[in-house]
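Q: Contents of protein.cif (mmCIF, C-alpha atoms):
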data_my_file
#
loop_
_atom_site.label_atom_id
_atom_site.label_comp_id
_atom_site.auth_asym_id
_atom_site.auth_seq_id
_atom_site.Cartn_x
_atom_site.Cartn_y
_atom_site.Cartn_z
CA MET A 1 2.64 4.38 12.63
CA ARG A 2 0.47 6.59 10.44
CA VAL A 3 0.93 10.34 10.83
CA THR A 4 -1.21 13.00 9.18
CA LEU A 5 0.16 16.50 8.76
CA ARG A 6 -2.54 19.11 8.18
CA PHE A 7 -1.07 22.28 6.69
CA LEU A 8 -2.32 25.36 8.54
CA ALA A 9 0.01 27.82 6.75
CA GLY A 10 2.40 27.80 3.83
CA GLU A 11 2.16 26.84 0.18
CA TYR A 12 0.01 23.76 0.95
CA GLU A 13 -2.33 25.52 3.42
CA GLY A 14 -5.63 23.62 3.73
CA GLU A 15 -4.14 20.35 2.47
CA SER A 16 -3.14 17.22 4.40
CA ARG A 17 -0.41 14.66 3.87
CA GLU A 18 -0.47 11.18 5.39
CA LEU A 19 2.83 9.45 6.09
CA THR A 20 3.81 6.08 7.46
CA VAL A 21 6.72 6.19 9.89
CA PRO A 22 8.08 2.64 10.10
CA ALA A 23 10.06 1.48 13.12
CA GLY A 24 13.79 1.79 12.55
CA ARG A 25 13.47 4.25 9.66
CA THR A 26 13.42 8.02 9.46
CA VAL A 27 11.07 10.11 7.34
CA MET A 28 12.84 13.16 5.90
CA ILE A 29 11.00 16.48 5.53
CA GLY A 30 12.22 19.39 3.41
CA ARG A 31 12.02 21.15 0.06
CA ALA A 32 14.39 18.74 -1.73
CA PRO A 33 12.68 16.32 -4.12
CA GLN A 34 14.39 13.32 -2.48
CA CYS A 35 12.66 14.00 0.87
CA ASP A 36 9.81 11.71 1.92
CA LEU A 37 7.61 14.77 2.51
CA VAL A 38 8.40 17.55 0.05
CA LEU A 39 7.51 21.03 1.31
CA GLY A 40 6.49 23.82 -1.05
CA GLU A 41 9.24 25.54 -3.03
CA ARG A 42 7.79 28.93 -2.08
CA ASP A 43 8.26 28.11 1.63
CA ARG A 44 11.79 29.52 1.60
CA THR A 45 12.44 29.37 5.37
CA ALA A 46 12.13 25.58 5.17
CA SER A 47 15.50 24.04 4.29
CA SER A 48 16.08 21.49 1.55
CA THR A 49 16.47 18.82 4.22
CA HIS A 50 14.87 20.37 7.27
CA ALA A 51 13.80 17.73 9.80
CA LYS A 52 13.17 14.03 10.26
CA LEU A 53 10.38 12.04 11.92
CA TRP A 54 11.26 8.79 13.68
CA LEU A 55 10.02 6.34 16.32
CA ASP A 56 11.91 5.53 19.50
CA ASP A 57 12.14 2.02 20.98
CA ARG A 58 8.72 2.44 22.65
CA GLY A 59 7.01 3.55 19.44
CA GLU A 60 6.82 7.24 20.42
CA LEU A 61 6.98 9.72 17.54
CA TYR A 62 9.81 12.28 17.52
CA ILE A 63 10.94 15.10 15.26
CA THR A 64 14.58 16.17 14.98
CA ASP A 65 15.87 19.28 13.22
CA VAL A 66 18.70 18.15 10.92
CA GLY A 67 20.62 21.42 10.90
CA SER A 68 18.11 23.64 9.13
CA GLN A 69 19.02 27.29 8.67
CA TYR A 70 15.87 28.76 10.27
CA GLY A 71 15.00 26.11 12.85
CA THR A 72 12.07 23.87 13.74
CA PHE A 73 9.37 24.96 16.17
CA VAL A 74 7.01 22.67 18.09
CA ASN A 75 4.06 24.54 19.62
CA ASP A 76 5.90 27.84 18.96
CA LYS A 77 9.04 26.75 20.85
CA PRO A 78 12.33 26.29 18.99
CA THR A 79 13.52 22.71 19.23
CA VAL A 80 16.25 20.41 18.04
CA LYS A 81 14.44 17.23 19.16
CA ALA A 82 10.91 16.83 20.51
CA ARG A 83 8.34 14.13 21.11
CA LEU A 84 5.21 14.73 19.06
CA ARG A 85 1.67 14.17 20.28
CA PRO A 86 -1.68 14.53 18.50
CA GLY A 87 -2.57 18.20 18.13
CA ASP A 88 1.02 19.44 18.27
CA ARG A 89 1.87 22.16 15.78
CA VAL A 90 5.19 22.11 13.96
CA ARG A 91 6.60 25.04 11.97
CA PHE A 92 9.50 24.54 9.56
CA GLY A 93 11.47 27.81 9.73
CA PHE A 94 10.43 30.98 11.54
CA ARG A 95 7.80 31.87 8.90
CA GLY A 96 7.68 28.53 7.10
CA PRO A 97 4.89 26.00 6.70
CA LEU A 98 2.87 25.21 9.82
CA VAL A 99 1.37 21.73 10.27
CA GLU A 100 -0.83 20.11 12.89
CA ILE A 101 -0.01 16.51 13.81
CA ALA A 102 -2.53 13.65 13.94
CA ILE A 103 -1.28 10.18 14.91
CA ALA A 104 -2.91 6.79 14.27
CA ASP A 105 -1.16 3.61 15.38
CA ASP A 106 -2.24 1.29 12.62
CA SER A 107 0.81 -0.77 11.73
CA ALA A 108 -1.32 -3.37 9.89
CA ALA A 109 -2.47 -0.90 7.23
CA PRO A 110 -0.44 -0.68 4.02
CA PRO A 111 1.48 2.58 3.58
CA PRO A 112 -0.34 5.26 1.59
CA PRO A 113 1.08 6.23 -1.79
CA ARG A 114 3.75 8.89 -1.62
CA PRO A 115 2.39 12.22 -2.88
CA ARG A 116 4.07 13.56 -5.98
CA PRO A 117 5.77 16.92 -5.55
CA ARG A 118 4.36 19.82 -7.49
CA PRO A 119 6.45 20.99 -10.43
CA VAL A 120 9.04 23.54 -9.44
CA LYS A 121 8.98 26.89 -11.18
CA ARG A 122 12.51 28.19 -11.30
CA ALA A 123 12.92 31.78 -10.21
CA ARG A 124 15.50 34.13 -11.62
CA PRO A 125 18.76 34.10 -9.67
CA VAL A 126 18.94 36.60 -6.85
CA ALA A 127 22.17 38.21 -5.71
CA MET A 128 23.30 36.74 -2.42
CA THR A 129 24.54 39.03 0.33
CA THR A 130 25.87 36.32 2.63
CA VAL A 131 28.46 33.74 1.68
CA ARG A 132 28.23 30.45 3.54
CA ALA A 133 30.35 27.35 3.25
CA VAL A 134 28.55 24.71 1.21
CA PRO A 135 29.39 21.05 1.74
CA LYS A 136 31.21 19.48 -1.22
CA GLU A 137 28.56 16.73 -1.51
CA LEU A 138 25.80 19.32 -1.92
CA LEU A 139 27.74 21.22 -4.60
CA GLU A 140 28.29 17.98 -6.52
CA ALA A 141 24.61 17.05 -6.24
CA MET A 142 23.57 20.51 -7.46
CA ALA A 143 25.98 20.28 -10.41
CA LYS A 144 24.47 16.91 -11.43
CA GLU A 145 20.96 18.39 -11.46
CA GLU A 146 21.97 21.07 -13.98
#
Let me see the structure of the file written as structure tokens.

A:
Amino acid sequence: MRVTLRFLAGEYEGESRELTVPAGRTVMIGRAPQCDLVLGERDRTASSTHAKLWLDDRGELYITDVGSQYGTFVNDKPTVKARLRPGDRVRFGFRGPLVEIAIADDSAAPPPPRPRPRPVKRARPVAMTTVRAVPKELLEAMAKEE
């Protein structure tokens, strides 16, 4: 299934991204470079791995929040899991990027090329006021990147 996300707000406002969501596979959305759809680095209320798109057994498109810090909103309602329909609006984080969903069921078409993420400009470190437990796997992955 082909899904187009039209950015209405956020770093990519005015742009569109087309994704193919194959049956039996999830499409990850977040700021991390390994995500299938990489959100803008300046969209700080979007988590590194924020949500996933997937198809159920009937071919219906769903979005699931994967434990993001600031939540996922479908048509301005906080959600953990929701069915998506054409025209639905999804926001990643309470002030994060806002997209409008367009769906085309064209399984015969080849998948579009994956868009390349924009280069990340590293900001100076900022003092943190809240300490949160960080999974060991994430710390190891961050150490490898440095």

Q: I'd like the interatomic distance between CA of Arg42 in chain A and CA of Leu55 in chain A, to a tenth of an Å.

A: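 Going from CA of Arg42 in chain A over to CA of Leu55 in chain A, I get 29.2 Å.
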
Q: Return the single residue from A:Cys35, A:Asn75, A:Gly30, A:Val3 that is closest to Ser16 in chain A, with distances computed using all atoms listed in the file.

A: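 Using all atoms listed in the file, Ser16 in chain A sits closest to A:Val3.
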
Q: What does the structure give for the distance between CA of Ala46 in chain A and CA of Met28 in chain A, in Å to one decimal?

A: 12.5 Å

Q: Could you check the closest approach to Gly10 in chain A for each of A:Leu139, A:Ala51, A:Leu61, A:Val99 and tell me which residue wins, using all atoms listed in the file?

A: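 Checking each of A:Leu139, A:Ala51, A:Leu61, A:Val99 against Gly10 in chain A, counting all atoms listed in the file, the winner is A:Val99.
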
Q: Show which residues sit within 10 Å of Glu60 in chain A, as number ranges by chain. Count all atoms listed in the file, and ignore same-chain residues fewer than 4 positions away.

A: A: 1, 23, 54-56, 83-85

Q: Compare A:Arg95, A:Ala102, A:Gln34, A:Pro86 by their minimum atom-to-atom distance to Thr72 in chain A, counting all atoms listed in the file, and give me the closest one.

A: A:Arg95

Q: Which residue is closest to Gly14 in chain A? Choose from A:Asp76, A:Thr26, A:His50, A:Pro97 and count only C-alpha atoms.

A: A:Pro97

Q: Which residue is closest to Val74 in chain A? Choose from A:Ile29, A:Arg6, A:Lys52, A:Leu98 and count all atoms listed in the file.

A: A:Leu98

Q: Grab the CA of Tyr70 in chain A to CA of Thr45 in chain A distance for me, in Å with one decimal place.

A: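 Distance reported for this atom pair: 6.0 Å.
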
Q: Nearest residue to Leu5 in chain A out of A:Gly93, A:Gly67, A:Pro78, A:Gly87, using only C-alpha atoms?

A: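 Residue with the minimum atom-to-atom distance to Leu5 in chain A: A:Gly87.
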